[in-house]
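Below: one structure, written as structure tokens.
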Amino acid sequence: MKFSSEEVAQYLQQHPEFFEEYADMLAEIQVPHPHGGRAIPISERQIVALRDKNRILQDKLGELIRFGEENSAITEKMHRLAVALLSFNRLTDFLHGLNFHLREDFSVPHTALRLWNRSAEGPALPESAPASPDIQVLTEGLSRPYCGPHILDEVRNWFGEEDAARLRSFAMVALRTDQIAGLLVMGSEDPQRFYVNMGTVYLTQLGELVSAALTRFTQAEGLEEAKNKYDIR
């Protein structure tokens with residue numbers, strides 16, 4: 001009577017005492033080495049399997065440690081950025097500081113930002129240049145940051161003709177407060193720097209941080225506007 005491999009395996013699983021009764025025979029059975037070469041006893045084969053599993057677990061642990069270290073480094077950079085943004089008293093300094101930290105801490109050399117719906121007159125900055133209705137609709141529809149190779153030509157042009165021609169991937173982060181709305185865009189020459197389906201947790205936090213920090217300036221502008229309107233000194 002011939003048994004299939006599945007039947008033999010099932011029998012051994014259901015009768016573990018078999019290995020005790022035929023321990024001497026098992027010690028004599030030779031099986032192929034999992035990595036090729038000579039045949040080895042089953043016991044040695046089990047040791048090799050355990051070593052392989054241990055190696056896999058060590059690799060996974062090392063990967064988790066690397067991820068933890070990377071996340072810790074990003075968290076520290078976000079903290080530095082938050083402290084810096086809260087220290088600025090003028091919008092121009094704020095925008096300069098944001099660009100500086102994105103470039104130096106996060107290695108993002110190409111950034112562009114537009115703000116609209118500001119309730120008060122502010123300094124004539126590129127960031128205050130008009131954004132088309134298409135851009136505003138796009139920003140309103142961003143429930144999470146966009147990462148990938150495609151952006152509207154108008155957005156690409158914010159980077160300037162020379163830089164825009166070299167950029168291959170982008171991250172778009174919506175900025176929202178009660179007073180204003182805006183769009184922060186980061187670009188890279190590396191097609192894989194901002195790729196579709198990448199994690200956006202830190203980009204989302206960046207958008208929330210910049211939006212919250214911008215509120216300070218819209219409130220200050222509104223107060224200054226009120227003072228001028230009612231001649232408050």
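All residue names refer to the structure tokens as shown: chains lettered A, B, ... in order, residues numbered from 1 in each chain, ligands numbered from 1 in order.
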
Practice item. Extract the full set of strand (DSSP E or B) residues from stretch 27-221 of chain A according to DSSP on the backbone, and format it as a ChimeraX atom specification. Key: /A:30-32,39-41,110-116,146-148,169-176,181-188

Just N, CA and C atoms for this one: save the residues we selected as an mmCIF file, in the first residue's frame.
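Result file is again.cif:
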```
data_model
loop_
_atom_site.group_PDB
_atom_site.id
_atom_site.type_symbol
_atom_site.label_atom_id
_atom_site.label_comp_id
_atom_site.auth_asym_id
_atom_site.auth_seq_id
_atom_site.Cartn_x
_atom_site.Cartn_y
_atom_site.Cartn_z
ATOM 1 N N GLN A 30 19.451 10.533 6.103
ATOM 2 C CA GLN A 30 20.158 11.668 5.518
ATOM 3 C C GLN A 30 19.203 12.447 4.602
ATOM 4 N N VAL A 31 19.261 13.755 4.694
ATOM 5 C CA VAL A 31 18.425 14.614 3.842
ATOM 6 C C VAL A 31 19.317 15.640 3.160
ATOM 7 N N PRO A 32 18.877 16.188 2.022
ATOM 8 C CA PRO A 32 19.698 17.184 1.325
ATOM 9 C C PRO A 32 19.896 18.427 2.180
ATOM 10 N N ALA A 39 24.581 15.546 1.757
ATOM 11 C CA ALA A 39 23.423 15.197 2.582
ATOM 12 C C ALA A 39 23.803 15.266 4.056
ATOM 13 N N ILE A 40 22.850 15.602 4.896
ATOM 14 C CA ILE A 40 23.100 15.749 6.325
ATOM 15 C C ILE A 40 21.991 15.058 7.109
ATOM 16 N N PRO A 41 22.252 14.695 8.380
ATOM 17 C CA PRO A 41 21.207 14.089 9.217
ATOM 18 C C PRO A 41 20.052 15.059 9.455
ATOM 19 N N HIS A 110 13.993 72.261 -2.984
ATOM 20 C CA HIS A 110 13.047 72.979 -3.841
ATOM 21 C C HIS A 110 11.671 73.029 -3.159
ATOM 22 N N THR A 111 11.264 74.213 -2.761
ATOM 23 C CA THR A 111 9.956 74.385 -2.137
ATOM 24 C C THR A 111 9.249 75.589 -2.754
ATOM 25 N N ALA A 112 7.942 75.531 -2.781
ATOM 26 C CA ALA A 112 7.123 76.650 -3.254
ATOM 27 C C ALA A 112 5.866 76.688 -2.403
ATOM 28 N N LEU A 113 5.373 77.890 -2.149
ATOM 29 C CA LEU A 113 4.224 78.034 -1.264
ATOM 30 C C LEU A 113 3.360 79.184 -1.760
ATOM 31 N N ARG A 114 2.049 78.988 -1.694
ATOM 32 C CA ARG A 114 1.103 80.046 -2.022
ATOM 33 C C ARG A 114 0.050 80.121 -0.930
ATOM 34 N N LEU A 115 -0.318 81.351 -0.593
ATOM 35 C CA LEU A 115 -1.346 81.608 0.414
ATOM 36 C C LEU A 115 -2.426 82.475 -0.213
ATOM 37 N N TRP A 116 -3.672 82.193 0.131
ATOM 38 C CA TRP A 116 -4.761 83.038 -0.357
ATOM 39 C C TRP A 116 -5.822 83.176 0.728
ATOM 40 N N TYR A 146 -0.418 64.801 -1.337
ATOM 41 C CA TYR A 146 -0.200 64.081 -2.591
ATOM 42 C C TYR A 146 1.294 63.903 -2.811
ATOM 43 N N CYS A 147 1.700 62.714 -3.227
ATOM 44 C CA CYS A 147 3.089 62.442 -3.593
ATOM 45 C C CYS A 147 3.093 61.744 -4.943
ATOM 46 N N GLY A 148 3.945 62.208 -5.840
ATOM 47 C CA GLY A 148 4.021 61.587 -7.151
ATOM 48 C C GLY A 148 4.650 62.506 -8.179
ATOM 49 N N SER A 169 9.718 64.574 -9.024
ATOM 50 C CA SER A 169 8.694 64.107 -8.077
ATOM 51 C C SER A 169 8.323 65.246 -7.140
ATOM 52 N N PHE A 170 7.091 65.183 -6.635
ATOM 53 C CA PHE A 170 6.560 66.303 -5.859
ATOM 54 C C PHE A 170 5.720 65.803 -4.683
ATOM 55 N N ALA A 171 5.665 66.650 -3.652
ATOM 56 C CA ALA A 171 4.740 66.439 -2.531
ATOM 57 C C ALA A 171 3.941 67.722 -2.367
ATOM 58 N N MET A 172 2.632 67.599 -2.354
ATOM 59 C CA MET A 172 1.756 68.758 -2.192
ATOM 60 C C MET A 172 1.002 68.617 -0.874
ATOM 61 N N VAL A 173 1.109 69.643 -0.040
ATOM 62 C CA VAL A 173 0.505 69.612 1.293
ATOM 63 C C VAL A 173 -0.425 70.812 1.424
ATOM 64 N N ALA A 174 -1.691 70.559 1.700
ATOM 65 C CA ALA A 174 -2.658 71.643 1.863
ATOM 66 C C ALA A 174 -2.443 72.338 3.204
ATOM 67 N N LEU A 175 -2.597 73.661 3.195
ATOM 68 C CA LEU A 175 -2.524 74.463 4.414
ATOM 69 C C LEU A 175 -3.904 75.058 4.665
ATOM 70 N N ARG A 176 -4.403 74.884 5.881
ATOM 71 C CA ARG A 176 -5.757 75.350 6.181
ATOM 72 C C ARG A 176 -5.809 75.964 7.577
ATOM 73 N N ALA A 181 -6.040 79.942 3.388
ATOM 74 C CA ALA A 181 -5.756 78.609 2.833
ATOM 75 C C ALA A 181 -4.498 78.739 1.990
ATOM 76 N N GLY A 182 -3.882 77.623 1.714
ATOM 77 C CA GLY A 182 -2.658 77.679 0.924
ATOM 78 C C GLY A 182 -2.195 76.297 0.535
ATOM 79 N N LEU A 183 -1.093 76.274 -0.203
ATOM 80 C CA LEU A 183 -0.541 75.018 -0.690
ATOM 81 C C LEU A 183 0.977 75.070 -0.595
ATOM 82 N N LEU A 184 1.552 74.089 0.101
ATOM 83 C CA LEU A 184 2.998 73.932 0.202
ATOM 84 C C LEU A 184 3.400 72.792 -0.727
ATOM 85 N N VAL A 185 4.356 73.065 -1.615
ATOM 86 C CA VAL A 185 4.790 72.074 -2.587
ATOM 87 C C VAL A 185 6.291 71.882 -2.457
ATOM 88 N N MET A 186 6.720 70.650 -2.395
ATOM 89 C CA MET A 186 8.134 70.304 -2.350
ATOM 90 C C MET A 186 8.481 69.466 -3.566
ATOM 91 N N GLY A 187 9.621 69.764 -4.185
ATOM 92 C CA GLY A 187 10.014 69.053 -5.388
ATOM 93 C C GLY A 187 11.405 68.459 -5.267
ATOM 94 N N SER A 188 11.663 67.424 -6.072
ATOM 95 C CA SER A 188 12.961 66.761 -6.050
ATOM 96 C C SER A 188 13.333 66.285 -7.450
#
```

Fill in: Neighbour list for A:Tyr202 as a ChimeraX atom specification, cut-off 10 Å, only C-alpha atoms, skip fewer than 2 positions in-chain
/A:71,74-75,78,145,199-200,204-208

Residues of stretch 5-170 of chain A in helix (DSSP H, G or I), written as a PyMOL selection string: chain A and resi 5-14+17-21+23-28+42-87+91-104+126-128+133-140+153-157+161-164

Go ahead and save the picked residues with C-alpha atoms, as a compact mmCIF listing (two decimals), in the first residue's frame.
```
# COMPACT_ATOMS: atom_id res chain seq x y z
CA SER A 5 3.40 12.60 1.12
CA GLU A 6 0.42 14.41 2.65
CA GLU A 7 -0.76 11.21 4.37
CA VAL A 8 2.70 10.52 5.79
CA ALA A 9 2.98 14.10 7.08
CA GLN A 10 -0.48 13.90 8.62
CA TYR A 11 0.35 10.59 10.31
CA LEU A 12 3.55 12.00 11.84
CA GLN A 13 1.67 15.05 13.10
CA GLN A 14 -0.96 12.87 14.74
CA GLU A 17 5.51 9.25 19.65
CA PHE A 18 6.85 7.81 16.39
CA PHE A 19 9.96 9.97 16.75
CA GLU A 20 10.64 8.53 20.20
CA GLU A 21 10.12 4.94 19.13
CA ALA A 23 14.95 7.77 17.36
CA ASP A 24 17.90 5.64 16.21
CA MET A 25 16.48 5.31 12.73
CA LEU A 26 15.89 9.05 12.45
CA ALA A 27 19.51 9.69 13.37
CA GLU A 28 20.58 7.58 10.37
CA ILE A 42 17.72 15.32 10.02
CA SER A 43 18.93 16.70 13.36
CA GLU A 44 21.55 18.82 11.60
CA ARG A 45 18.93 19.89 9.08
CA GLN A 46 16.80 21.16 11.95
CA ILE A 47 19.73 23.14 13.34
CA VAL A 48 20.31 24.73 9.93
CA ALA A 49 16.61 25.62 9.71
CA LEU A 50 16.71 27.21 13.17
CA ARG A 51 19.79 29.22 12.21
CA ASP A 52 18.05 30.42 9.06
CA LYS A 53 14.98 31.47 11.06
CA ASN A 54 17.20 33.20 13.60
CA ARG A 55 18.97 35.07 10.80
CA ILE A 56 15.63 36.20 9.37
CA LEU A 57 14.47 37.39 12.79
CA GLN A 58 17.74 39.27 13.30
CA ASP A 59 17.32 40.97 9.92
CA LYS A 60 13.74 41.96 10.80
CA LEU A 61 14.85 43.25 14.19
CA GLY A 62 17.63 45.24 12.54
CA GLU A 63 15.10 46.69 10.11
CA LEU A 64 12.77 47.67 12.96
CA ILE A 65 15.66 49.33 14.78
CA ARG A 66 16.58 51.29 11.64
CA PHE A 67 12.98 52.38 11.20
CA GLY A 68 12.88 53.44 14.84
CA GLU A 69 16.08 55.44 14.49
CA GLU A 70 14.82 57.10 11.29
CA ASN A 71 11.50 57.98 12.91
CA SER A 72 13.31 59.35 15.96
CA ALA A 73 15.50 61.52 13.73
CA ILE A 74 12.48 62.85 11.83
CA THR A 75 10.65 63.56 15.08
CA GLU A 76 13.64 65.54 16.33
CA LYS A 77 13.73 67.53 13.08
CA MET A 78 10.00 68.26 13.33
CA HIS A 79 10.54 69.49 16.87
CA ARG A 80 13.33 71.82 15.76
CA LEU A 81 11.13 73.13 12.97
CA ALA A 82 8.24 73.76 15.36
CA VAL A 83 10.45 75.66 17.79
CA ALA A 84 11.91 77.72 14.94
CA LEU A 85 8.54 78.61 13.40
CA LEU A 86 7.18 79.75 16.76
CA SER A 87 10.13 82.09 17.23
CA LEU A 91 5.85 86.56 8.00
CA THR A 92 8.90 87.11 5.82
CA ASP A 93 11.16 85.61 8.49
CA PHE A 94 8.72 82.75 8.97
CA LEU A 95 8.76 81.85 5.27
CA HIS A 96 12.55 82.13 5.10
CA GLY A 97 12.91 79.93 8.18
CA LEU A 98 10.52 77.32 6.79
CA ASN A 99 12.48 77.08 3.56
CA PHE A 100 15.77 76.94 5.46
CA HIS A 101 14.72 74.04 7.70
CA LEU A 102 13.15 72.08 4.86
CA ARG A 103 16.37 72.46 2.91
CA GLU A 104 18.92 71.89 5.71
CA PRO A 126 5.79 85.62 -4.02
CA GLU A 127 3.87 83.43 -1.58
CA SER A 128 1.01 85.94 -1.71
CA PRO A 133 -9.34 78.76 -9.03
CA ASP A 134 -8.04 75.40 -10.28
CA ILE A 135 -5.29 75.46 -7.66
CA GLN A 136 -7.72 76.40 -4.93
CA VAL A 137 -10.11 73.61 -5.90
CA LEU A 138 -7.18 71.17 -6.03
CA THR A 139 -6.08 72.20 -2.54
CA GLU A 140 -9.59 71.88 -1.12
CA ASP A 153 1.77 73.35 -14.92
CA GLU A 154 0.87 76.39 -12.86
CA VAL A 155 2.25 74.76 -9.73
CA ARG A 156 5.38 73.61 -11.55
CA ASN A 157 6.00 77.17 -12.69
CA GLU A 161 11.70 77.79 -15.26
CA GLU A 162 15.20 76.45 -14.61
CA ASP A 163 14.39 74.38 -11.51
CA ALA A 164 11.00 73.21 -12.76
```

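You will find atom CA of A:Val108 at 24.9 Å from atom CA of A:Arg216.
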
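Of the residues under consideration (A:Gln179, A:Met198, A:Glu189, A:Lys2), A:Gln179 shows the shortest atom-to-atom contact distance to A:Ser211 when counting only C-alpha atoms.
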